[in-house]
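Printed here is my_file.cif (mmCIF, C-alpha atoms, pLDDT in the B column; chains and numbers go by the auth columns):
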```
data_data
loop_
_atom_site.group_PDB
_atom_site.id
_atom_site.type_symbol
_atom_site.label_atom_id
_atom_site.label_comp_id
_atom_site.label_asym_id
_atom_site.label_seq_id
_atom_site.Cartn_x
_atom_site.Cartn_y
_atom_site.Cartn_z
_atom_site.B_iso_or_equiv
_atom_site.auth_seq_id
_atom_site.auth_asym_id
ATOM 1 C CA MET A 1 -164.789 198.168 34.432 66.00 1 A
ATOM 2 C CA LEU A 2 -164.273 200.837 37.113 72.00 2 A
ATOM 3 C CA LYS A 3 -161.747 203.109 35.394 74.00 3 A
ATOM 4 C CA ASN A 4 -162.587 206.843 35.580 75.00 4 A
ATOM 5 C CA LYS A 5 -165.349 206.247 38.132 80.00 5 A
ATOM 6 C CA LYS A 6 -165.495 207.424 41.720 92.00 6 A
ATOM 7 C CA VAL A 7 -165.375 204.108 43.572 94.00 7 A
ATOM 8 C CA ASN A 8 -165.631 203.588 47.335 96.00 8 A
ATOM 9 C CA ILE A 9 -163.485 200.548 48.234 97.00 9 A
ATOM 10 C CA LEU A 10 -163.222 198.349 51.332 96.00 10 A
ATOM 11 C CA ASP A 11 -160.212 196.057 51.774 97.00 11 A
ATOM 12 C CA ILE A 12 -160.999 193.354 54.339 95.00 12 A
ATOM 13 C CA GLY A 13 -157.844 192.016 55.992 93.00 13 A
ATOM 14 C CA THR A 14 -155.741 194.742 54.396 95.00 14 A
ATOM 15 C CA GLY A 15 -152.389 193.700 55.889 91.00 15 A
ATOM 16 C CA SER A 16 -149.764 196.044 54.444 94.00 16 A
ATOM 17 C CA GLY A 17 -152.427 197.764 52.331 96.00 17 A
ATOM 18 C CA CYS A 18 -150.777 196.679 49.084 96.00 18 A
ATOM 19 C CA ILE A 19 -154.000 195.605 47.336 97.00 19 A
ATOM 20 C CA LEU A 20 -155.998 198.698 48.254 98.00 20 A
ATOM 21 C CA LEU A 21 -153.107 201.055 47.517 98.00 21 A
ATOM 22 C CA SER A 22 -152.447 199.415 44.141 97.00 22 A
ATOM 23 C CA ILE A 23 -156.097 199.852 43.186 96.00 23 A
ATOM 24 C CA LEU A 24 -156.077 203.487 44.317 97.00 24 A
ATOM 25 C CA LYS A 25 -153.003 204.131 42.166 96.00 25 A
ATOM 26 C CA GLU A 26 -155.021 202.966 39.145 94.00 26 A
ATOM 27 C CA LEU A 27 -158.410 204.457 40.056 95.00 27 A
ATOM 28 C CA LYS A 28 -157.456 208.114 40.486 93.00 28 A
ATOM 29 C CA CYS A 29 -160.949 209.319 41.508 94.00 29 A
ATOM 30 C CA SER A 30 -161.502 206.638 44.150 96.00 30 A
ATOM 31 C CA THR A 31 -161.138 206.346 47.917 97.00 31 A
ATOM 32 C CA GLY A 32 -160.692 203.346 50.139 97.00 32 A
ATOM 33 C CA MET A 33 -160.773 201.942 53.641 96.00 33 A
ATOM 34 C CA GLY A 34 -158.522 199.103 54.770 97.00 34 A
ATOM 35 C CA ILE A 35 -159.417 197.190 57.920 94.00 35 A
ATOM 36 C CA ASP A 36 -157.460 194.520 59.744 94.00 36 A
ATOM 37 C CA ILE A 37 -157.388 193.064 63.242 91.00 37 A
ATOM 38 C CA SER A 38 -153.619 193.562 63.436 91.00 38 A
ATOM 39 C CA LYS A 39 -152.421 196.911 64.790 95.00 39 A
ATOM 40 C CA LYS A 40 -148.962 196.265 63.344 93.00 40 A
ATOM 41 C CA ALA A 41 -150.425 195.643 59.878 93.00 41 A
ATOM 42 C CA ILE A 42 -152.440 198.870 60.023 97.00 42 A
ATOM 43 C CA GLU A 43 -149.358 200.853 61.043 97.00 43 A
ATOM 44 C CA THR A 44 -147.501 199.411 58.038 96.00 44 A
ATOM 45 C CA ALA A 45 -150.421 200.174 55.697 97.00 45 A
ATOM 46 C CA LYS A 46 -150.522 203.800 56.871 98.00 46 A
ATOM 47 C CA LYS A 47 -146.774 204.187 56.248 98.00 47 A
ATOM 48 C CA ASN A 48 -147.174 202.671 52.785 98.00 48 A
ATOM 49 C CA ALA A 49 -150.041 205.075 52.001 98.00 49 A
ATOM 50 C CA ILE A 50 -147.857 208.024 52.994 98.00 50 A
ATOM 51 C CA ASN A 51 -144.911 206.746 50.923 97.00 51 A
ATOM 52 C CA LEU A 52 -147.160 206.333 47.872 97.00 52 A
ATOM 53 C CA ASN A 53 -148.837 209.742 48.303 97.00 53 A
ATOM 54 C CA LEU A 54 -152.208 208.048 48.831 97.00 54 A
ATOM 55 C CA PHE A 55 -152.829 208.982 52.454 96.00 55 A
ATOM 56 C CA SER A 56 -155.510 211.551 51.550 97.00 56 A
ATOM 57 C CA ARG A 57 -157.555 208.952 49.635 97.00 57 A
ATOM 58 C CA SER A 58 -157.127 206.048 52.053 98.00 58 A
ATOM 59 C CA LYS A 59 -158.005 205.256 55.645 97.00 59 A
ATOM 60 C CA PHE A 60 -156.799 202.332 57.676 97.00 60 A
ATOM 61 C CA LYS A 61 -158.339 201.081 60.905 95.00 61 A
ATOM 62 C CA VAL A 62 -157.849 198.232 63.341 94.00 62 A
ATOM 63 C CA PHE A 63 -161.249 196.618 63.116 88.00 63 A
ATOM 64 C CA ASP A 64 -162.973 193.226 63.023 84.00 64 A
ATOM 65 C CA PHE A 65 -164.801 193.208 59.683 80.00 65 A
ATOM 66 C CA GLN A 66 -167.636 191.129 61.136 77.00 66 A
ATOM 67 C CA LYS A 67 -168.574 194.115 63.311 79.00 67 A
ATOM 68 C CA TYR A 68 -168.347 196.661 60.484 70.00 68 A
ATOM 69 C CA TYR A 69 -171.646 198.244 59.437 72.00 69 A
ATOM 70 C CA ASN A 70 -170.735 201.887 58.813 71.00 70 A
ATOM 71 C CA SER A 71 -170.888 202.273 55.027 80.00 71 A
ATOM 72 C CA LYS A 72 -171.875 200.829 51.687 91.00 72 A
ATOM 73 C CA PHE A 73 -169.142 200.170 49.128 95.00 73 A
ATOM 74 C CA ASP A 74 -168.849 199.857 45.363 96.00 74 A
ATOM 75 C CA LEU A 75 -166.005 197.357 45.630 97.00 75 A
ATOM 76 C CA ILE A 76 -164.831 195.012 48.358 97.00 76 A
ATOM 77 C CA VAL A 77 -161.494 193.259 48.001 97.00 77 A
ATOM 78 C CA SER A 78 -160.140 190.577 50.285 95.00 78 A
ATOM 79 C CA ASN A 79 -157.260 188.157 50.452 90.00 79 A
ATOM 80 C CA PRO A 80 -158.460 186.296 53.550 88.00 80 A
ATOM 81 C CA PRO A 81 -156.666 183.375 55.169 76.00 81 A
ATOM 82 C CA TYR A 82 -157.595 180.378 53.004 76.00 82 A
ATOM 83 C CA ILE A 83 -155.065 177.662 53.820 76.00 83 A
ATOM 84 C CA PRO A 84 -156.551 174.630 55.604 71.00 84 A
ATOM 85 C CA SER A 85 -155.140 174.400 59.142 73.00 85 A
ATOM 86 C CA LYS A 86 -153.595 170.967 58.517 78.00 86 A
ATOM 87 C CA ASP A 87 -151.605 172.298 55.520 71.00 87 A
ATOM 88 C CA ILE A 88 -149.879 175.182 57.295 74.00 88 A
ATOM 89 C CA LYS A 89 -147.032 172.989 58.509 78.00 89 A
ATOM 90 C CA ASN A 90 -146.249 172.103 54.855 78.00 90 A
ATOM 91 C CA LEU A 91 -145.792 175.697 53.675 77.00 91 A
ATOM 92 C CA SER A 92 -142.346 176.881 52.652 84.00 92 A
ATOM 93 C CA LYS A 93 -140.232 178.387 55.412 79.00 93 A
ATOM 94 C CA ASP A 94 -140.214 181.852 53.828 79.00 94 A
ATOM 95 C CA ILE A 95 -144.031 182.022 54.039 79.00 95 A
ATOM 96 C CA ILE A 96 -144.133 180.735 57.613 74.00 96 A
ATOM 97 C CA TYR A 97 -141.356 183.138 58.627 72.00 97 A
ATOM 98 C CA TYR A 98 -142.858 186.310 57.093 75.00 98 A
ATOM 99 C CA GLU A 99 -146.595 185.774 57.474 76.00 99 A
ATOM 100 C CA PRO A 100 -148.328 185.567 60.845 72.00 100 A
ATOM 101 C CA LYS A 101 -150.308 182.346 61.265 69.00 101 A
ATOM 102 C CA ILE A 102 -153.535 184.339 61.661 75.00 102 A
ATOM 103 C CA ALA A 103 -153.045 185.648 58.100 73.00 103 A
ATOM 104 C CA LEU A 104 -152.767 182.098 56.718 76.00 104 A
ATOM 105 C CA ASP A 105 -155.056 179.782 58.689 63.00 105 A
ATOM 106 C CA GLY A 106 -158.454 179.438 57.005 67.00 106 A
ATOM 107 C CA GLY A 107 -159.764 176.732 59.334 72.00 107 A
ATOM 108 C CA VAL A 108 -160.433 173.065 58.664 75.00 108 A
ATOM 109 C CA ASP A 109 -161.293 173.428 54.949 87.00 109 A
ATOM 110 C CA GLY A 110 -159.675 176.841 54.426 81.00 110 A
ATOM 111 C CA LEU A 111 -163.062 178.474 53.897 89.00 111 A
ATOM 112 C CA ASP A 112 -163.858 179.847 57.374 84.00 112 A
ATOM 113 C CA LEU A 113 -163.053 183.479 56.623 90.00 113 A
ATOM 114 C CA ILE A 114 -164.029 183.267 52.960 92.00 114 A
ATOM 115 C CA LYS A 115 -167.569 182.339 54.046 92.00 115 A
ATOM 116 C CA LYS A 116 -167.656 185.250 56.481 92.00 116 A
ATOM 117 C CA VAL A 117 -166.340 187.736 53.899 93.00 117 A
ATOM 118 C CA ILE A 118 -168.957 186.632 51.348 95.00 118 A
ATOM 119 C CA TYR A 119 -171.765 186.827 53.891 93.00 119 A
ATOM 120 C CA LYS A 120 -170.664 190.244 55.192 92.00 120 A
ATOM 121 C CA SER A 121 -170.116 191.614 51.683 93.00 121 A
ATOM 122 C CA ASN A 122 -173.753 190.938 50.916 89.00 122 A
ATOM 123 C CA TYR A 123 -174.596 193.658 53.478 89.00 123 A
ATOM 124 C CA LEU A 124 -171.737 196.058 52.811 93.00 124 A
ATOM 125 C CA LEU A 125 -171.889 196.214 49.016 95.00 125 A
ATOM 126 C CA LYS A 126 -174.122 198.513 47.047 93.00 126 A
ATOM 127 C CA ARG A 127 -176.426 196.851 44.534 89.00 127 A
ATOM 128 C CA ASN A 128 -174.316 195.845 41.512 90.00 128 A
ATOM 129 C CA GLY A 129 -171.178 196.312 43.621 95.00 129 A
ATOM 130 C CA PHE A 130 -168.219 194.002 43.136 97.00 130 A
ATOM 131 C CA LEU A 131 -166.473 191.528 45.426 97.00 131 A
ATOM 132 C CA ALA A 132 -162.919 190.502 44.495 97.00 132 A
ATOM 133 C CA LEU A 133 -161.837 187.516 46.538 97.00 133 A
ATOM 134 C CA GLU A 134 -158.567 185.599 46.493 94.00 134 A
ATOM 135 C CA ILE A 135 -159.010 181.872 47.076 95.00 135 A
ATOM 136 C CA GLY A 136 -156.794 178.854 47.594 90.00 136 A
ATOM 137 C CA PHE A 137 -156.025 175.847 45.444 88.00 137 A
ATOM 138 C CA GLY A 138 -159.045 173.624 44.802 90.00 138 A
ATOM 139 C CA GLN A 139 -161.565 176.002 46.416 93.00 139 A
ATOM 140 C CA TYR A 140 -163.186 177.396 43.268 96.00 140 A
ATOM 141 C CA LYS A 141 -166.283 175.169 43.099 96.00 141 A
ATOM 142 C CA LYS A 142 -167.131 175.561 46.779 95.00 142 A
ATOM 143 C CA VAL A 143 -166.575 179.323 46.725 96.00 143 A
ATOM 144 C CA THR A 144 -168.694 179.864 43.595 97.00 144 A
ATOM 145 C CA SER A 145 -171.467 177.867 45.232 96.00 145 A
ATOM 146 C CA LEU A 146 -171.229 180.080 48.329 96.00 146 A
ATOM 147 C CA LEU A 147 -171.295 183.197 46.155 97.00 147 A
ATOM 148 C CA LYS A 148 -174.417 182.020 44.305 96.00 148 A
ATOM 149 C CA SER A 149 -176.160 181.224 47.601 96.00 149 A
ATOM 150 C CA GLN A 150 -175.556 184.824 48.716 95.00 150 A
ATOM 151 C CA ASN A 151 -176.876 186.332 45.464 94.00 151 A
ATOM 152 C CA PHE A 152 -173.562 187.044 43.710 97.00 152 A
ATOM 153 C CA ARG A 153 -172.851 186.394 40.040 96.00 153 A
ATOM 154 C CA GLU A 154 -169.330 185.599 38.881 96.00 154 A
ATOM 155 C CA LYS A 155 -167.962 188.142 36.419 96.00 155 A
ATOM 156 C CA ILE A 156 -164.252 187.338 36.113 95.00 156 A
ATOM 157 C CA ARG A 157 -161.923 184.634 37.328 96.00 157 A
ATOM 158 C CA GLN A 158 -158.167 185.032 37.469 96.00 158 A
ATOM 159 C CA TYR A 159 -155.782 182.095 37.166 95.00 159 A
ATOM 160 C CA ASP A 160 -152.317 181.529 38.607 93.00 160 A
ATOM 161 C CA ASN A 161 -149.364 180.266 36.544 95.00 161 A
ATOM 162 C CA ASN A 162 -150.547 176.661 37.023 91.00 162 A
ATOM 163 C CA HIS A 163 -154.014 177.485 35.612 94.00 163 A
ATOM 164 C CA ASN A 164 -155.730 177.284 39.013 93.00 164 A
ATOM 165 C CA VAL A 165 -158.445 179.834 39.770 95.00 165 A
ATOM 166 C CA ARG A 166 -156.993 182.163 42.428 94.00 166 A
ATOM 167 C CA CYS A 167 -159.292 185.195 42.312 97.00 167 A
ATOM 168 C CA ILE A 168 -163.005 185.524 41.668 97.00 168 A
ATOM 169 C CA ILE A 169 -164.635 188.845 40.926 97.00 169 A
ATOM 170 C CA SER A 170 -168.390 188.731 41.339 97.00 170 A
ATOM 171 C CA ALA A 171 -171.251 191.214 41.284 96.00 171 A
ATOM 172 C CA LYS A 172 -173.947 191.557 43.906 94.00 172 A
ATOM 173 C CA LEU A 173 -177.353 191.131 42.306 89.00 173 A
#
```

Turn this file's structure into structure tokens for me.
Amino acid sequence: MLKNKKVNILDIGTGSGCILLSILKELKCSTGMGIDISKKAIETAKKNAINLNLFSRSKFKVFDFQKYYNSKFDLIVSNPPYIPSKDIKNLSKDIIYYEPKIALDGGVDGLDLIKKVIYKSNYLLKRNGFLALEIGFGQYKKVTSLLKSQNFREKIRQYDNNHNVRCIISAKL
């Protein structure tokens, strides 16, 4: 879909930068910006970009995405916190130990940040730009409804090993 094109990418909640950096490895002509509210995460992402020889095509900033208005993008990717607050205590110990709670807690229904990412993407994406969004178990119907209400059309859905929709790629109309 985007191979051999010059794509400007925004990764909202970049964490270690693994999603953005993986995409940049595949899309050789593209550049990207990763933003996160965690200074520690951004430091890790910068180190990873250097180690992967992608520092010249990537930027990482500590920034609240809700206050970001600087550019228009061809592609926005995000793996926002999507776990309902009440379910966090039931996660496996390895997840709780390695992931900060702020990277997991999606609010009462798990959709707090997903809603904000969809809304903000409507302003940050170029016309016909793409939004790739990871979602939690059982959130597909609600998220597709939110996407439609913000003038996005689903293009691709990715499933996990249990045949649950875990990623939706949609186009801004």

For the file shown, what are the residues hit by the PyMOL selection byres ((chain A and resi 146) around 12), laid out as a list in words? Leu111, Asp112, Ile114, Lys115, Lys116, Val117, Ile118, Tyr119, Asn122, Gln139, Tyr140, Lys141, Lys142, Val143, Thr144, Ser145, Leu147, Lys148, Ser149, Gln150, Asn151, Phe152, Arg153, Glu154, Ile168 and Ser170 of chain A

Include C-alpha atoms and write out the residues we just selected as a compact mmCIF listing (two decimals), in the coordinates of the input.
```txt
# COMPACT_ATOMS: atom_id res chain seq x y z
CA LEU A 111 -163.06 178.47 53.90
CA ASP A 112 -163.86 179.85 57.37
CA ILE A 114 -164.03 183.27 52.96
CA LYS A 115 -167.57 182.34 54.05
CA LYS A 116 -167.66 185.25 56.48
CA VAL A 117 -166.34 187.74 53.90
CA ILE A 118 -168.96 186.63 51.35
CA TYR A 119 -171.76 186.83 53.89
CA ASN A 122 -173.75 190.94 50.92
CA GLN A 139 -161.56 176.00 46.42
CA TYR A 140 -163.19 177.40 43.27
CA LYS A 141 -166.28 175.17 43.10
CA LYS A 142 -167.13 175.56 46.78
CA VAL A 143 -166.58 179.32 46.72
CA THR A 144 -168.69 179.86 43.60
CA SER A 145 -171.47 177.87 45.23
CA LEU A 147 -171.30 183.20 46.16
CA LYS A 148 -174.42 182.02 44.30
CA SER A 149 -176.16 181.22 47.60
CA GLN A 150 -175.56 184.82 48.72
CA ASN A 151 -176.88 186.33 45.46
CA PHE A 152 -173.56 187.04 43.71
CA ARG A 153 -172.85 186.39 40.04
CA GLU A 154 -169.33 185.60 38.88
CA ILE A 168 -163.00 185.52 41.67
CA SER A 170 -168.39 188.73 41.34
```

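Atom CA of Ile12 of chain A lies 19.7 Å from atom CA of Tyr98 of chain A.
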
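Here atom CA of Leu133 of chain A is placed at a distance of 11.4 Å from atom CA of Ala171 of chain A.
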
Near-segment 4-6 of chain A list (7 Å; only C-alpha atoms; drop same-chain fewer than 6 positions) as a ChimeraX atom specification: /A:27,29-30

On this file, the PyMOL selection byres ((chain A and resi 88) around 12) gives some set of residues; write that set as a list in words. Pro81, Tyr82, Ile83, Pro84, Ser85, Lys86, Asp87, Lys89, Asn90, Leu91, Ser92, Lys93, Ile95, Ile96, Tyr97, Glu99, Pro100, Lys101, Ile102, Ala103, Leu104, Asp105, Gly106, Gly107, Val108, Asp109 and Gly110 of chain A

Go ahead and write the residues just picked, C-alpha atoms, as a PDB file, in the coordinates of the input.
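Wrote part_20.pdb, looks like this:
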```pdb
ATOM      1  CA  PRO A  81    -156.666 183.375  55.169  1.00 76.00           C
ATOM      2  CA  TYR A  82    -157.595 180.378  53.004  1.00 76.00           C
ATOM      3  CA  ILE A  83    -155.065 177.662  53.820  1.00 76.00           C
ATOM      4  CA  PRO A  84    -156.551 174.630  55.604  1.00 71.00           C
ATOM      5  CA  SER A  85    -155.140 174.400  59.142  1.00 73.00           C
ATOM      6  CA  LYS A  86    -153.595 170.967  58.517  1.00 78.00           C
ATOM      7  CA  ASP A  87    -151.605 172.298  55.520  1.00 71.00           C
ATOM      8  CA  LYS A  89    -147.032 172.989  58.509  1.00 78.00           C
ATOM      9  CA  ASN A  90    -146.249 172.103  54.855  1.00 78.00           C
ATOM     10  CA  LEU A  91    -145.792 175.697  53.675  1.00 77.00           C
ATOM     11  CA  SER A  92    -142.346 176.881  52.652  1.00 84.00           C
ATOM     12  CA  LYS A  93    -140.232 178.387  55.412  1.00 79.00           C
ATOM     13  CA  ILE A  95    -144.031 182.022  54.039  1.00 79.00           C
ATOM     14  CA  ILE A  96    -144.133 180.735  57.613  1.00 74.00           C
ATOM     15  CA  TYR A  97    -141.356 183.138  58.627  1.00 72.00           C
ATOM     16  CA  GLU A  99    -146.595 185.774  57.474  1.00 76.00           C
ATOM     17  CA  PRO A 100    -148.328 185.567  60.845  1.00 72.00           C
ATOM     18  CA  LYS A 101    -150.308 182.346  61.265  1.00 69.00           C
ATOM     19  CA  ILE A 102    -153.535 184.339  61.661  1.00 75.00           C
ATOM     20  CA  ALA A 103    -153.045 185.648  58.100  1.00 73.00           C
ATOM     21  CA  LEU A 104    -152.767 182.098  56.718  1.00 76.00           C
ATOM     22  CA  ASP A 105    -155.056 179.782  58.689  1.00 63.00           C
ATOM     23  CA  GLY A 106    -158.454 179.438  57.005  1.00 67.00           C
ATOM     24  CA  GLY A 107    -159.764 176.732  59.334  1.00 72.00           C
ATOM     25  CA  VAL A 108    -160.433 173.065  58.664  1.00 75.00           C
ATOM     26  CA  ASP A 109    -161.293 173.428  54.949  1.00 87.00           C
ATOM     27  CA  GLY A 110    -159.675 176.841  54.426  1.00 81.00           C
TER      28      GLY A 110
END
```

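Using all atoms listed in the file, the protein and nucleic acid residues lying no more than 12 Å from Lys40 of chain A, apart from those fewer than 4 places from it along its own chain, are Thr14, Gly15, Ser16, Gly17, Ile35, Asp36, Thr44, Ala45, Lys46, Lys47, Phe60, Lys61, Val62 and Pro100 of chain A.
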
List the residues selected by the PyMOL selection byres ((chain A and resi 24) around 12) in the file shown, writing them as number ranges by chain. A: 2-11, 17-23, 25-34, 49, 52-59, 75

For the residues in the current selection, export C-alpha atoms as a compact mmCIF listing (two decimals), in the coordinates of the input.
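result18.txt, written as the output of this step:
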```txt
# COMPACT_ATOMS: atom_id res chain seq x y z
CA LEU A 2 -164.27 200.84 37.11
CA LYS A 3 -161.75 203.11 35.39
CA ASN A 4 -162.59 206.84 35.58
CA LYS A 5 -165.35 206.25 38.13
CA LYS A 6 -165.50 207.42 41.72
CA VAL A 7 -165.38 204.11 43.57
CA ASN A 8 -165.63 203.59 47.34
CA ILE A 9 -163.49 200.55 48.23
CA LEU A 10 -163.22 198.35 51.33
CA ASP A 11 -160.21 196.06 51.77
CA GLY A 17 -152.43 197.76 52.33
CA CYS A 18 -150.78 196.68 49.08
CA ILE A 19 -154.00 195.60 47.34
CA LEU A 20 -156.00 198.70 48.25
CA LEU A 21 -153.11 201.06 47.52
CA SER A 22 -152.45 199.42 44.14
CA ILE A 23 -156.10 199.85 43.19
CA LYS A 25 -153.00 204.13 42.17
CA GLU A 26 -155.02 202.97 39.15
CA LEU A 27 -158.41 204.46 40.06
CA LYS A 28 -157.46 208.11 40.49
CA CYS A 29 -160.95 209.32 41.51
CA SER A 30 -161.50 206.64 44.15
CA THR A 31 -161.14 206.35 47.92
CA GLY A 32 -160.69 203.35 50.14
CA MET A 33 -160.77 201.94 53.64
CA GLY A 34 -158.52 199.10 54.77
CA ALA A 49 -150.04 205.08 52.00
CA LEU A 52 -147.16 206.33 47.87
CA ASN A 53 -148.84 209.74 48.30
CA LEU A 54 -152.21 208.05 48.83
CA PHE A 55 -152.83 208.98 52.45
CA SER A 56 -155.51 211.55 51.55
CA ARG A 57 -157.56 208.95 49.64
CA SER A 58 -157.13 206.05 52.05
CA LYS A 59 -158.00 205.26 55.64
CA LEU A 75 -166.00 197.36 45.63
```

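Atom CA of Phe65 of chain A to atom CA of Ile50 of chain A spans 23.5 Å [interatomic distance, one decimal].
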
Can you find the residues with an atom no farther than 8 Å from (-167.9, 193.2, 39.5), counting only C-alpha atoms, and report them as a list in words? Met1, Leu75, Asn128, Gly129, Phe130, Leu131, Ala132, Glu154, Lys155, Ile156, Ile169, Ser170, Ala171 and Lys172 of chain A

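Between Asn161 of chain A and the candidates A:Leu173, A:Ala41, A:Phe63, A:Phe137, the tightest atom-to-atom separation, counting all atoms listed in the file, involves A:Phe137.
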
Distance query Tyr69 of chain A at most 10 Å, only C-alpha atoms, self and fewer than 3 positions along chain excluded, as a short mmCIF file (atom, residue, chain, number, x, y, z; two decimals) with C-alpha atoms, in the coordinates of the input:
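Written file, part-v5.cif:
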```cif
data_model
loop_
_atom_site.label_atom_id
_atom_site.label_comp_id
_atom_site.auth_asym_id
_atom_site.auth_seq_id
_atom_site.Cartn_x
_atom_site.Cartn_y
_atom_site.Cartn_z
CA PHE A 65 -164.80 193.21 59.68
CA GLN A 66 -167.64 191.13 61.14
CA LYS A 72 -171.88 200.83 51.69
CA LYS A 120 -170.66 190.24 55.19
CA TYR A 123 -174.60 193.66 53.48
CA LEU A 124 -171.74 196.06 52.81
#
```

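Considering the residues A:Val77, A:Leu125, A:Ile37, A:Ile42 and counting all atoms listed in the file, Asp64 of chain A has its shortest atom-to-atom contact with A:Ile37.
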